[in-house]
Amino acid sequence: MATSTASPATTSTTAPRATSRWKGVALVGVLAIALVVAPLVSSPYVNYQLSSIAVFAVAILGLNIVMGYTGQVSLGQSAFLGLGAYIAAYGILHDWPGPLTLLLCAVVPAVVGMLVALAAARLRGLALAMITLALPIVGVPLARRFDEFTGGSQGQVVSWLRAPESSGLANDQWRYYVVVLIAVVAFALARNLVRGRIGRSFAIVKENEAVALSMGVSPYRTKVLAFTIASLLGGVSGFMYLAVVQYTSPETLVFATSINLVAAMVIGGSASIVGTALGAVYYVLVPVLAGQVNSSRTALISGVVLLAVLFLLPAGLVSLPRRLARLRSSRRRPAHPPAHPTTSDEAAQTASAPTAATTDQHS
Amino acid sequence: TRDSTAGGPGADDSASPGITDDSISIGISSPLSGATAGPGSCTIAGLDAYIEAKNAAGGFEFGDGKTRTVDFTYLDDVYDPAKAVSNFRQLLNDNIFAYVGALGTPTNAAVMPIAEEEEVPQVLLTTGARTFSNDQEAHPWTTGFVPTYATEGRAFGELLANANQPLTVATLAQNDDFGESYLDGLNEAIEGSQVQIVASATYEPTDTTLDAQVTELAASKADVLLSAVSVTPLQVGVLTKAQSLGWLPRIFLPSNTSTPGTILQPGGAAAYPAVYTPSFSKNPNSPAFANDEDVKAYLDAFEKYGSKIATTYTPHCAWSYAEGAVLDEAFQGMEEPTREAFMTSLKSISGFQAPLLLDGITVDTTTDDDAAIADVQLVQYDGQAAFKPVTAY
Amino acid sequence: MSLLELEDVTASYGHAQVLHGISFSLPENGATGLLGANGAGKTTTLRAISGTVRTTGRILFEGRDISGLGPDRTAHLGIAHVPEGRGTLGQLSVRENLLVGAYQRKDRKQIATDVDYVLDLFPNLQERVRSNAAALSGGEQQMLAVGRAFMAKPRVILLDEASLGLAPSTARRVYDAVVRLRREAQVSMVVVEQNANLAFSVVDDATVLETGRVALHGSRDELMGMDAVRRAYLGG
Amino acid sequence: MTTTTGTEAPDAALSVRDVSLRFGGITVLDGVSFDAPRGGILGLVGPNGAGKTSLFNCISGHYQPTAGSILVNGTETVRTRAWRMAQLGLARTFQHPALRLDATVLENVMLGAHSWLPGGPVSWSLRLPATRRQEREARATALELLDRTGLAWAASMPADELSHGLHKGVELCRALLSRPRLLLLDEPAAGLSHGEVEALIGTVREVRREFELTVVVVEHHMGLISALTDRVVVLDHGAKLMEGTAAEAQSDSRVVEAYLGKEAAADESA
Amino acid sequence: MSYFIQVVVDGLSNGAIYAAIALAIVLVYRATALINFAQGGMAVAATFVAYALTQAGVPVLLALIAAVVFGFVLGALLERGVMRHFEGGDPDTAVVATIALLVILSGASAFFFGYEPHPFPSLFPNKTIGVLGVFVSLRSIGTIAVLLVVMVGLQLLFQGTKLGLAMRAVADNPRSSALSGLPVSRLLMIGWGLAAALGAIAGVLVAPQLFISPGMLDFVLVYALASAILGGLDSPIGAVVAAAFIGVIENLAGAYLDFIGDDLKIAVPFIAVIVILVVRPQGLFGRKVTVRV
Ligand SMILES: Nc1ncnc2c1ncn2[C@@H]1O[C@H](COP(=O)(O)OP(=O)(O)OP(=O)(O)O)[C@@H](O)[C@H]1O
Ligand SMILES: Nc1ncnc2c1ncn2[C@@H]1O[C@H](COP(=O)(O)OP(=O)(O)OP(=O)(O)O)[C@@H](O)[C@H]1O
Ligand SMILES: [Mg+2]
Ligand SMILES: [Mg+2]
């Protein structure tokens, strides 16, 4: 904010914004290079973990759209993950072309999600949670029942997505590139989506449906849209799951996975794209780390870690930089501002912006 | 591409990863938390007890004349296939030599193709699913240890068929491969006999009670109830519910849910005319085996090492202890420090009387279509805390 | 001796400090006003007193420093805060809202009479006594919020734009009731009110806030005599 | 769905015809009728609980009237879904400001552009050039509106850092950004000080002229009503008590009795 | 006919299990406006205390009382030590905090008692009575009787007492309640304490059937949640009626609809719940939440 009333507000706000934009671009560049290089220097195990992060990142992304951004509790994301994985398995085992399979993994869950939402979006809060919760609960026995499509409780092993000879890559590297590419595309599209018109409609439906109505936003349609996108992304993550795990069974869609995805979403940062990715990292890595500490106590350890993170960062991992910055600044600044007349003056100017603004306008 | 097999440190060129001149590392991933954690931790605890005890006694002797200690790494997969794959990859990354004894059908099924591809032994699995044992040519790196569920089912079927009377059977089976294989085995054995299945029901492991199923089956008034239920409270519920409905058939229970202390006594099984179960291992807690040397050794080792991993006993604790002995046997026959040599040795064990196995039950890994233990003995509940042998219906 | 005294009170939301050393005092059975433009810090001052915002400085109530006490504690001491905006419990009925207002009190019989008094004062509420508070009109909710504060039988009442959304006649009635409360029950009050005509009809003196600081303090008559004050708050 | 009635009040931006509204046993509105002439400013006053906000809710589609019809720019809208009303040129503010408190003021205002910004989820996730251009335009307009209401300084502040009184202004900007032709204001002056009310009057007059708006305003601030409105409709207990100019209303004995109170009327005229 | 009645009776005794936990969910919801996943974990932890005591030879009834006291203290402490931190923040964060608590509590239970189920002695005689070919266990009858008492008690608490009113006020709007001098923190603590105490009762009632293990209530919780929501979330009577409905309809579907079978019968109550909720979003006995613009 403007620290001196004399300097026009525009320059003082755009200057830091421009540098932060450059910082952002640089960060994205570094990240992109890291993403490309990582699999080349990592073991198959590390690549498996990185690929898993991409898989669950997309599942959590969908969840974040419907829950974080639009405020509609969904306890059914694992059902779409499982559905996508089953469709992918069926497609691969029946020699459908890969891109077509991916398309169906997106479209079919999206349609199913939309149909569910057409009924469910009339509800809100816990009634809605109830409906979404039923999806994995009913989905598991359904998957067992239709074993000619799903392989029943034995599940289905699908060995596919081998690196083409010409690529010179190992299978794990190749699979990594495939899933990370899909994830990057999904993230880019989602990021655009939540920024503009549609994103604002999500946000206002979360905040206040009456206002949404008066601004020309149909809460019902918006919720159906959010659910559809969430299911679509869930389905896509199912495809990615099959690409990475090469196996699917009713265990893929159990309710517990949904709950863990919700926890990961909140831990990463609800209504945040970066938070989504961090949530996926958390989802995949914390059990691994817990296993390193003590394999017999993974539940206890993950629970404690979960709670600890929530304690320190209630707004999610994504708020860590902000939190650190705040800690640093509060350490620099005395707890009782009056001790330092100039700082308190500045604060006064900030807090009393109306007067500051008027002087701006008239000077 | 990159080198798929980097040799472990200290190993000479010909050795497989995970083995040196004085140590060998093996790993396992089983559920250590969540609903299946009880059996899951036992699959680790028993094996660990055997290994640690042997290590403490100087180590394992190998066919190549060296003595090695075993490094044992175990991980938790919460019965989640994706986590099992992750764990398996992690273990490979940590250079394990072999993956031994893991519990769980979906988790092992997900691991199997990777084991085949990476040519890593995934052996002596503590799961009775047939997939891992019935076609070992197709997946030469994988073997099952405990009798398949079908073997158990078949044993029942044979007893019934051999009774040579018209018998009616009601079946209650878990709605997955466990239940299905059980029924498959039963059906194979009773084909063409006078035995007839007159009612059948299934259940989900997540059900809270099976009262409805038992009520339905009771209406058939069948002579025999095969209760292929793998969940302790549900199995107890079946036993109590059937008698409360005044239905007292002869009962068949699977080997993993027939422990007197936790199932039969709470379920009031003494009320039934007969309760049968297939058995292949000694129950170390049973007074009948209190003086057994194997049992004493087991209890000793378990007390020292296993009890920090599993706090409650399930039969899997005893089974995985026996697994340790089979592993030992395989090491003894292993002439080179390679996985190939290990598999060759492992697959040539026959007639081996592993500790804790019942007299007459032996380990035979030479067949290509069955688990290492291919036989069971039927035993009958004596109404208190133990079983007695059965010969006829 | 003054009943309530603020000494150099600051307050902040997160890292934004909005009060920069406010001091004023309220005598026993007194009525003082707070005036100021939007964002001057009137609401925040009341929040500082009732303990719903982080503060420094001293807030003395009956000679005892109450800064740092939470709203439930200050309410317990006899400070009733009618907050700005919706101050009701939406999913509770009108009657239940009033009973919650009397939570601190032990005199059960008297509570029933007081509920009747409030319902009498606001016939709208009487008609809606079983409705959920959330169903009420904006003005009716405001009445309920004021009624709830009355139910507490406080020593001091903090009124934050109590006339907000009230019809002129109703607003008048609220302030008449407030005056009566002061006269009959010796309740003291701090009044924030944009409708300065109403405010000046109840207060003895007032403090004018500007960007979180005291700009002016004076008795009612002094202030009403000042041109600047008349122009900004009274019109004309 | 579109029934144009050419017969009565052809130039009413809003016609309310015999509108009744009941909740369970409660009659909230009882056969209310009036017209709001195009380009004018109509005041809607009445005691608390008279049904003013409920009437707004009926017009904006948040409530479904039990009986009666409502024409907005000649179109019958009683069965129209609330979220379509914005496309018909209707915008409103709320008695209790309803903003996204964690979002910036500008983001809040930008929501107003929803009804006219083009494109669905696909074009927005692809950031097609057309959507980007329109978004930029909307942003510019939003800033302009904030500037006009004296809130430009707050554009990038989170809404919860603004005091209560200023939220009203943000809501007004949001409503204006939707390019309305009929604007419903519910107690816009509540919580504003005298000077701020004057400013508000100026702003409303200005935007009405510039955007050719029809305005209906609910307000208890009689000063604002007198200064701003051409006509007022007085509601009491859900029924129309009278209609006329502000001055007529203030001198009407029924209105004084039901609404203003005797002393208040005296105050106001003083 | 007697088969039909038997199926219904079996369904009711299943329903009793769901109802026990559903009542606890209703209690927390009314007292804290939160869906509390830790509910199951607290109930299990308290039941384990009762288990440990019965193992040490304490009579079941005494063990139950001890568990109730322990539950109350545990619930209150968790609120005080953990949940208070999340008050006034994003409700999603608070819900995930309860998930964390659930994981920790069951992890801790497992730490002491392992994951395997243990038999648990019943409060009521382990007998079955038969009337006209229909058999009911005394345990089920006893469970239902206790539940009905609890249900009435809860209803009275919320509708007829000052404490109940205060808890509802706090759940509705803690800030506004504080301004009337309601000790918000203490009331939330009491709410959590009562919920966990009730969880202890529920746990002791259902443990003889389910056997006690850290995961004893994991799946029951799902049914209980469905019951509580179908009942209307703020209605104890609704929760019990809904739980009975769910128990019975599930059993009937399994018994009489062949294409449904034992595997998919779980779908029937959930689909029924969904249909009912779509028609009546506030649930069977719930009051409509009033929202106004
Ligand atoms: N939750 C908050 N977070 C940050 N800043 C806030 C918050 N609430 C108020 N403020 C700021 O504190 C200052 C004082 O606000 P306050 O609500 O006390 O003003 P007020 O005098 O009551 O104004 P009004 O007449 O509009 O009600 C304002 O500048 C406002 O922006
Ligand atoms: N959704 C609803 N459910 C029940 N009653 C309602 C509902 N909406 C409005 N009412 C009732 O209708 C009456 C009129 O309310 P409305 O909000 O329209 O009044 P108003 O004229 O705007 O009053 P105010 O000036 O106080 O804002 C009130 O008594 C209110 O209780
Ligand atoms: Mg204020
Ligand atoms: Mg109104």
# chains A, B, ... in the order shown; residues from 1 in each chain; ligands from 1
call {"tool": "residues_near_ligand", "arguments": {"ligand": "ligand 4", "cutoff": "8 Å", "atoms": "only C-alpha atoms and all ligand atoms", "output": "list of chain:residue names"}}
result
C:Ser137, C:Gly138, C:Gly139, C:Gly165, D:Asn48, D:Gly49, D:Gly51, D:Lys52, D:Thr53, D:Ser54, D:Gln95, D:Asp186, D:Glu187, D:Val218
call {"tool": "write_last_selection", "arguments": {"atoms": "C-alpha atoms", "output": "mmCIF file, in the first residue's frame"}}
result
data_model
loop_
_atom_site.group_PDB
_atom_site.id
_atom_site.type_symbol
_atom_site.label_atom_id
_atom_site.label_comp_id
_atom_site.auth_asym_id
_atom_site.auth_seq_id
_atom_site.Cartn_x
_atom_site.Cartn_y
_atom_site.Cartn_z
ATOM 1 C CA SER C 137 -37.383 -8.252 8.341
ATOM 2 C CA GLY C 138 -34.231 -6.217 8.705
ATOM 3 C CA GLY C 139 -35.833 -3.780 11.088
ATOM 4 C CA GLY C 165 -33.030 0.064 9.361
ATOM 5 C CA ASN D 48 -40.682 -2.320 9.637
ATOM 6 C CA GLY D 49 -42.079 -5.573 8.489
ATOM 7 C CA GLY D 51 -43.132 -6.067 3.245
ATOM 8 C CA LYS D 52 -40.796 -3.753 1.336
ATOM 9 C CA THR D 53 -37.899 -6.124 1.142
ATOM 10 C CA SER D 54 -40.257 -8.994 0.432
ATOM 11 C CA GLN D 95 -30.560 -4.589 2.916
ATOM 12 C CA ASP D 186 -32.759 -1.614 -0.348
ATOM 13 C CA GLU D 187 -31.939 0.937 2.319
ATOM 14 C CA VAL D 218 -36.554 1.457 -0.075
#
call {"tool": "select_by_dssp", "arguments": {"residues": "range 130-369 of chain B", "states": "strand (DSSP E)", "output": "PyMOL selection string"}}
result
chain B and resi 142-144+167-174+195-203+224-228+250-252+275-279
call {"tool": "write_last_selection", "arguments": {"atoms": "C-alpha atoms", "output": "PDB file, in the first residue's frame"}}
result
ATOM      1  CA  THR B 142       5.383 -65.450  -7.500  1.00  0.00           C
ATOM      2  CA  THR B 143       4.253 -68.205  -5.146  1.00  0.00           C
ATOM      3  CA  GLY B 144       1.621 -68.533  -2.467  1.00  0.00           C
ATOM      4  CA  LEU B 167     -27.114 -83.720   2.783  1.00  0.00           C
ATOM      5  CA  THR B 168     -28.366 -80.201   2.370  1.00  0.00           C
ATOM      6  CA  VAL B 169     -25.890 -77.373   2.658  1.00  0.00           C
ATOM      7  CA  ALA B 170     -26.361 -73.653   3.198  1.00  0.00           C
ATOM      8  CA  THR B 171     -23.460 -71.416   2.297  1.00  0.00           C
ATOM      9  CA  LEU B 172     -22.557 -67.985   3.498  1.00  0.00           C
ATOM     10  CA  ALA B 173     -19.588 -66.517   1.684  1.00  0.00           C
ATOM     11  CA  GLN B 174     -17.747 -63.244   1.536  1.00  0.00           C
ATOM     12  CA  VAL B 195     -24.767 -83.302  -1.331  1.00  0.00           C
ATOM     13  CA  GLN B 196     -26.862 -80.383  -2.401  1.00  0.00           C
ATOM     14  CA  ILE B 197     -26.541 -76.678  -1.806  1.00  0.00           C
ATOM     15  CA  VAL B 198     -29.999 -75.473  -0.907  1.00  0.00           C
ATOM     16  CA  ALA B 199     -29.408 -71.890   0.149  1.00  0.00           C
ATOM     17  CA  SER B 200     -26.634 -69.428  -0.292  1.00  0.00           C
ATOM     18  CA  ALA B 201     -25.982 -65.904   0.792  1.00  0.00           C
ATOM     19  CA  THR B 202     -23.095 -63.491   0.578  1.00  0.00           C
ATOM     20  CA  TYR B 203     -21.975 -60.571   2.648  1.00  0.00           C
ATOM     21  CA  VAL B 224     -24.842 -78.070   7.136  1.00  0.00           C
ATOM     22  CA  LEU B 225     -23.743 -74.455   7.176  1.00  0.00           C
ATOM     23  CA  LEU B 226     -20.558 -73.463   5.443  1.00  0.00           C
ATOM     24  CA  SER B 227     -19.748 -70.077   6.844  1.00  0.00           C
ATOM     25  CA  ALA B 228     -16.919 -68.674   4.764  1.00  0.00           C
ATOM     26  CA  ARG B 250     -23.221 -78.833  11.473  1.00  0.00           C
ATOM     27  CA  ILE B 251     -20.907 -75.955  10.821  1.00  0.00           C
ATOM     28  CA  PHE B 252     -17.838 -75.503   8.680  1.00  0.00           C
ATOM     29  CA  VAL B 275     -17.999 -77.561  14.169  1.00  0.00           C
ATOM     30  CA  TYR B 276     -15.331 -78.396  11.621  1.00  0.00           C
ATOM     31  CA  THR B 277     -12.459 -76.394  10.357  1.00  0.00           C
ATOM     32  CA  PRO B 278      -9.538 -77.092   8.093  1.00  0.00           C
ATOM     33  CA  SER B 279      -6.275 -76.787   9.803  1.00  0.00           C
TER      34      SER B 279
END
call {"tool": "atom_distance", "arguments": {"atom1": "CA of Tyr256 in chain E", "atom2": "CA of Ile5 in chain E"}}
result
12.6 Å
call {"tool": "residues_near_ligand", "arguments": {"ligand": "ligand 1", "cutoff": "9 Å", "atoms": "only C-alpha atoms and all ligand atoms", "output": "VMD selection string"}}
result
(chain A and resid 350 to 354) or (chain C and resid 11 to 19 34 to 47 84 160 to 161 192 to 194 209 to 212) or (chain D and resid 101 158 to 167 191 to 193)
call {"tool": "residues_around", "arguments": {"residues": "Gly191 in chain E", "least_positions_apart": "3", "cutoff": "6 Å", "atoms": "only C-alpha atoms", "output": "JSON, numbers by chain"}}
result
{"E": [31, 188, 194]}
call {"tool": "interface_residues", "arguments": {"of": "chain A", "to": "chain D", "cutoff": "9 Å", "atoms": "only C-alpha atoms", "output": "ChimeraX atom specification"}}
result
/A:9,188-198,200-201,203-204,207-208,210-219,225,351,353-354,356-358
call {"tool": "interface_residues", "arguments": {"of": "chain E", "to": "chain C", "cutoff": "12 Å", "atoms": "only C-alpha atoms", "output": "ChimeraX atom specification"}}
result
/E:30,33,158-187,234,287-293
call {"tool": "residues_around", "arguments": {"residues": "Val100 in chain B", "least_positions_apart": "2", "cutoff": "6 Å", "atoms": "only C-alpha atoms", "output": "CSV table (one decimal) with all heavy atoms, in the first residue's frame"}}
result
chain,number,residue,atom,x,y,z
B,28,ILE,N,8.7,-56.8,3.0
B,28,ILE,CA,7.3,-57.2,3.0
B,28,ILE,C,6.5,-55.9,3.1
B,28,ILE,O,6.9,-55.0,3.8
B,28,ILE,CB,7.0,-58.2,4.1
B,28,ILE,CG1,5.5,-58.5,4.1
B,28,ILE,CG2,7.3,-57.6,5.4
B,28,ILE,CD1,5.1,-59.6,5.0
B,102,ALA,N,3.7,-61.3,1.9
B,102,ALA,CA,2.8,-60.3,2.1
B,102,ALA,C,1.3,-60.8,2.1
B,102,ALA,O,1.0,-61.8,1.5
B,102,ALA,CB,2.9,-59.3,0.9
B,122,GLN,N,8.6,-62.7,-5.4
B,122,GLN,CA,7.4,-62.3,-4.6
B,122,GLN,C,6.8,-63.6,-4.1
B,122,GLN,O,5.9,-64.1,-4.7
B,122,GLN,CB,6.4,-61.5,-5.5
B,122,GLN,CG,5.2,-61.0,-4.7
B,122,GLN,CD,4.0,-60.7,-5.7
B,122,GLN,OE1,4.1,-61.2,-6.8
B,122,GLN,NE2,3.0,-60.0,-5.2
B,123,VAL,N,7.3,-64.0,-3.0
B,123,VAL,CA,7.0,-65.4,-2.7
B,123,VAL,C,6.4,-65.7,-1.3
B,123,VAL,O,6.4,-64.8,-0.4
B,123,VAL,CB,8.4,-66.3,-2.7
B,123,VAL,CG1,8.9,-66.3,-4.1
B,123,VAL,CG2,9.4,-65.7,-1.8
B,124,LEU,N,5.9,-66.9,-1.1
B,124,LEU,CA,5.3,-67.3,0.1
B,124,LEU,C,4.2,-66.4,0.6
B,124,LEU,O,4.2,-66.0,1.8
B,124,LEU,CB,6.4,-67.6,1.2
B,124,LEU,CG,7.5,-68.6,0.7
B,124,LEU,CD1,8.6,-68.6,1.8
B,124,LEU,CD2,6.9,-69.9,0.4
call {"tool": "residues_around", "arguments": {"residues": "Arg172 in chain C", "least_positions_apart": "5", "cutoff": "12 Å", "atoms": "only C-alpha atoms", "output": "list in words"}}
result
Leu121, Phe122, Met143, Ala162, Ser163, Leu164, Leu166, Ala167, Ala177, Val178, Val179, Asn195, Asn197, Leu198, Ala199, Ser201 and Val202 of chain C; Tyr259, Leu260, Gly261, Lys262, Glu263, Ala264, Ala265 and Asp267 of chain D
call {"tool": "select_by_dssp", "arguments": {"residues": "range 143-252 of chain A", "states": "helix (DSSP H, G or I)", "output": "JSON, numbers by chain"}}
result
{"A": [143, 144, 145, 147, 148, 149, 150, 152, 153, 154, 165, 166, 167, 171, 172, 173, 174, 175, 176, 177, 178, 179, 180, 181, 182, 183, 184, 185, 186, 187, 188, 189, 190, 191, 192, 193, 194, 195, 197, 198, 199, 200, 201, 202, 203, 204, 205, 206, 207, 209, 210, 211, 212, 213, 214, 219, 220, 221, 222, 223, 224, 225, 226, 227, 228, 229, 230, 231, 232, 233, 234, 235, 236, 237, 238, 239, 240, 241, 242, 243, 244, 245, 250, 251, 252]}
call {"tool": "write_last_selection", "arguments": {"atoms": "C-alpha atoms", "output": "tab-separated table (two decimals), in the first residue's frame"}}
result
chain	number	residue	atom	x	y	z
A	143	ALA	CA	-17.66	-52.97	-9.06
A	144	ARG	CA	-17.65	-56.45	-7.58
A	145	ARG	CA	-21.01	-57.31	-9.07
A	147	ASP	CA	-16.95	-58.53	-12.69
A	148	GLU	CA	-16.99	-59.18	-16.41
A	149	PHE	CA	-16.15	-55.51	-16.83
A	150	THR	CA	-14.17	-54.92	-13.68
A	152	GLY	CA	-14.42	-58.32	-9.60
A	153	SER	CA	-12.66	-58.29	-6.30
A	154	GLN	CA	-9.46	-59.68	-7.80
A	165	GLU	CA	11.89	-47.82	-28.25
A	166	SER	CA	12.56	-44.59	-30.10
A	167	SER	CA	12.10	-42.46	-27.00
A	171	ASN	CA	8.88	-47.21	-18.70
A	172	ASP	CA	8.69	-45.30	-15.46
A	173	GLN	CA	10.09	-42.20	-17.13
A	174	TRP	CA	7.71	-42.48	-20.02
A	175	ARG	CA	4.70	-42.92	-17.73
A	176	TYR	CA	5.86	-39.98	-15.69
A	177	TYR	CA	5.91	-37.74	-18.75
A	178	VAL	CA	2.48	-38.91	-19.82
A	179	VAL	CA	0.79	-38.29	-16.49
A	180	VAL	CA	2.63	-35.09	-15.74
A	181	LEU	CA	1.68	-33.74	-19.13
A	182	ILE	CA	-1.97	-34.52	-18.46
A	183	ALA	CA	-1.72	-32.98	-15.01
A	184	VAL	CA	-0.07	-29.81	-16.29
A	185	VAL	CA	-2.78	-29.36	-18.89
A	186	ALA	CA	-5.50	-29.99	-16.33
A	187	PHE	CA	-3.95	-27.51	-13.93
A	188	ALA	CA	-3.51	-24.85	-16.55
A	189	LEU	CA	-7.12	-25.13	-17.68
A	190	ALA	CA	-8.42	-25.16	-14.13
A	191	ARG	CA	-6.36	-22.16	-13.21
A	192	ASN	CA	-7.82	-20.18	-16.06
A	193	LEU	CA	-11.28	-21.33	-15.21
A	194	VAL	CA	-11.24	-20.24	-11.59
A	195	ARG	CA	-9.87	-16.82	-12.39
A	197	ARG	CA	-16.27	-15.25	-14.94
A	198	ILE	CA	-16.87	-18.89	-14.07
A	199	GLY	CA	-14.59	-18.75	-11.08
A	200	ARG	CA	-16.46	-15.77	-9.72
A	201	SER	CA	-19.73	-17.61	-10.13
A	202	PHE	CA	-18.28	-20.56	-8.17
A	203	ALA	CA	-17.16	-18.23	-5.43
A	204	ILE	CA	-20.45	-16.43	-5.05
A	205	VAL	CA	-22.38	-19.69	-4.95
A	206	LYS	CA	-20.13	-20.73	-2.12
A	207	GLU	CA	-20.60	-17.42	-0.34
A	209	GLU	CA	-26.71	-18.08	-3.23
A	210	ALA	CA	-29.15	-15.20	-2.99
A	211	VAL	CA	-26.55	-12.77	-4.27
A	212	ALA	CA	-25.59	-15.22	-6.96
A	213	LEU	CA	-29.18	-15.26	-8.16
A	214	SER	CA	-29.42	-11.51	-8.29
A	219	PRO	CA	-26.58	-21.67	-8.23
A	220	TYR	CA	-28.08	-24.90	-9.46
A	221	ARG	CA	-26.35	-24.81	-12.81
A	222	THR	CA	-23.15	-23.63	-11.25
A	223	LYS	CA	-23.14	-26.51	-8.81
A	224	VAL	CA	-23.91	-28.98	-11.56
A	225	LEU	CA	-21.06	-27.52	-13.56
A	226	ALA	CA	-18.67	-27.71	-10.65
A	227	PHE	CA	-19.64	-31.30	-9.97
A	228	THR	CA	-19.29	-32.19	-13.59
A	229	ILE	CA	-15.82	-30.72	-13.75
A	230	ALA	CA	-14.88	-32.45	-10.52
A	231	SER	CA	-16.07	-35.79	-11.84
A	232	LEU	CA	-14.33	-35.21	-15.13
A	233	LEU	CA	-11.07	-34.53	-13.38
A	234	GLY	CA	-11.71	-37.49	-11.11
A	235	GLY	CA	-12.13	-39.68	-14.17
A	236	VAL	CA	-8.99	-38.34	-15.77
A	237	SER	CA	-7.09	-39.01	-12.58
A	238	GLY	CA	-8.43	-42.57	-12.79
A	239	PHE	CA	-6.85	-42.91	-16.21
A	240	MET	CA	-3.61	-41.61	-14.79
A	241	TYR	CA	-3.92	-43.97	-11.86
A	242	LEU	CA	-4.08	-46.90	-14.20
A	243	ALA	CA	-1.12	-45.54	-16.09
A	244	VAL	CA	0.95	-45.40	-12.94
A	245	VAL	CA	-0.31	-48.25	-10.79
A	250	PRO	CA	-12.64	-52.05	-5.86
A	251	GLU	CA	-10.06	-50.81	-3.36
A	252	THR	CA	-9.35	-47.92	-5.73
call {"tool": "residues_around", "arguments": {"residues": "Ala330 in chain B", "least_positions_apart": "4", "cutoff": "9 Å", "atoms": "only C-alpha atoms", "output": "ChimeraX atom specification"}}
result
/B:62-63,325-326,334,342-349
call {"tool": "write_last_selection", "arguments": {"atoms": "N, CA and C atoms", "output": "compact mmCIF listing (two decimals), in the first residue's frame"}}
result
# COMPACT_ATOMS: atom_id res chain seq x y z
N PHE B 62 23.67 -70.68 4.07
CA PHE B 62 23.26 -70.71 2.67
C PHE B 62 23.95 -71.84 1.95
N GLY B 63 23.35 -72.20 0.84
CA GLY B 63 23.88 -73.30 0.05
C GLY B 63 25.26 -73.02 -0.51
N ALA B 325 10.70 -70.49 8.29
CA ALA B 325 11.45 -71.75 8.20
C ALA B 325 11.59 -72.20 6.75
N VAL B 326 10.54 -71.97 5.96
CA VAL B 326 10.62 -72.36 4.55
C VAL B 326 11.67 -71.51 3.83
N MET B 334 20.39 -72.78 -1.69
CA MET B 334 20.69 -71.75 -2.68
C MET B 334 22.20 -71.73 -2.94
N PHE B 342 17.81 -68.59 -5.89
CA PHE B 342 16.86 -68.63 -4.77
C PHE B 342 15.54 -69.26 -5.23
N MET B 343 15.05 -68.80 -6.39
CA MET B 343 13.78 -69.34 -6.87
C MET B 343 13.91 -70.84 -7.15
N THR B 344 15.01 -71.22 -7.73
CA THR B 344 15.20 -72.65 -8.03
C THR B 344 15.16 -73.45 -6.73
N SER B 345 15.87 -72.96 -5.76
CA SER B 345 15.91 -73.67 -4.50
C SER B 345 14.54 -73.68 -3.82
N LEU B 346 13.90 -72.53 -3.86
CA LEU B 346 12.60 -72.43 -3.20
C LEU B 346 11.60 -73.38 -3.82
N LYS B 347 11.71 -73.50 -5.15
CA LYS B 347 10.73 -74.32 -5.84
C LYS B 347 11.08 -75.80 -5.86
N SER B 348 12.09 -76.15 -5.11
CA SER B 348 12.39 -77.58 -5.10
C SER B 348 12.29 -78.16 -3.70
N ILE B 349 11.50 -77.49 -2.87
CA ILE B 349 11.32 -78.03 -1.52
C ILE B 349 10.13 -78.98 -1.55
call {"tool": "closest_residue", "arguments": {"among": "A:Leu104, A:Ala163, A:Val66, A:Leu253", "to": "Leu135 in chain A", "atoms": "only C-alpha atoms"}}
result
A:Leu253
call {"tool": "residues_around", "arguments": {"residues": "Pro125 in chain E", "least_positions_apart": "6", "cutoff": "12 Å", "atoms": "only C-alpha atoms", "output": "PyMOL selection string"}}
result
chain E and resi 60+137-143+208
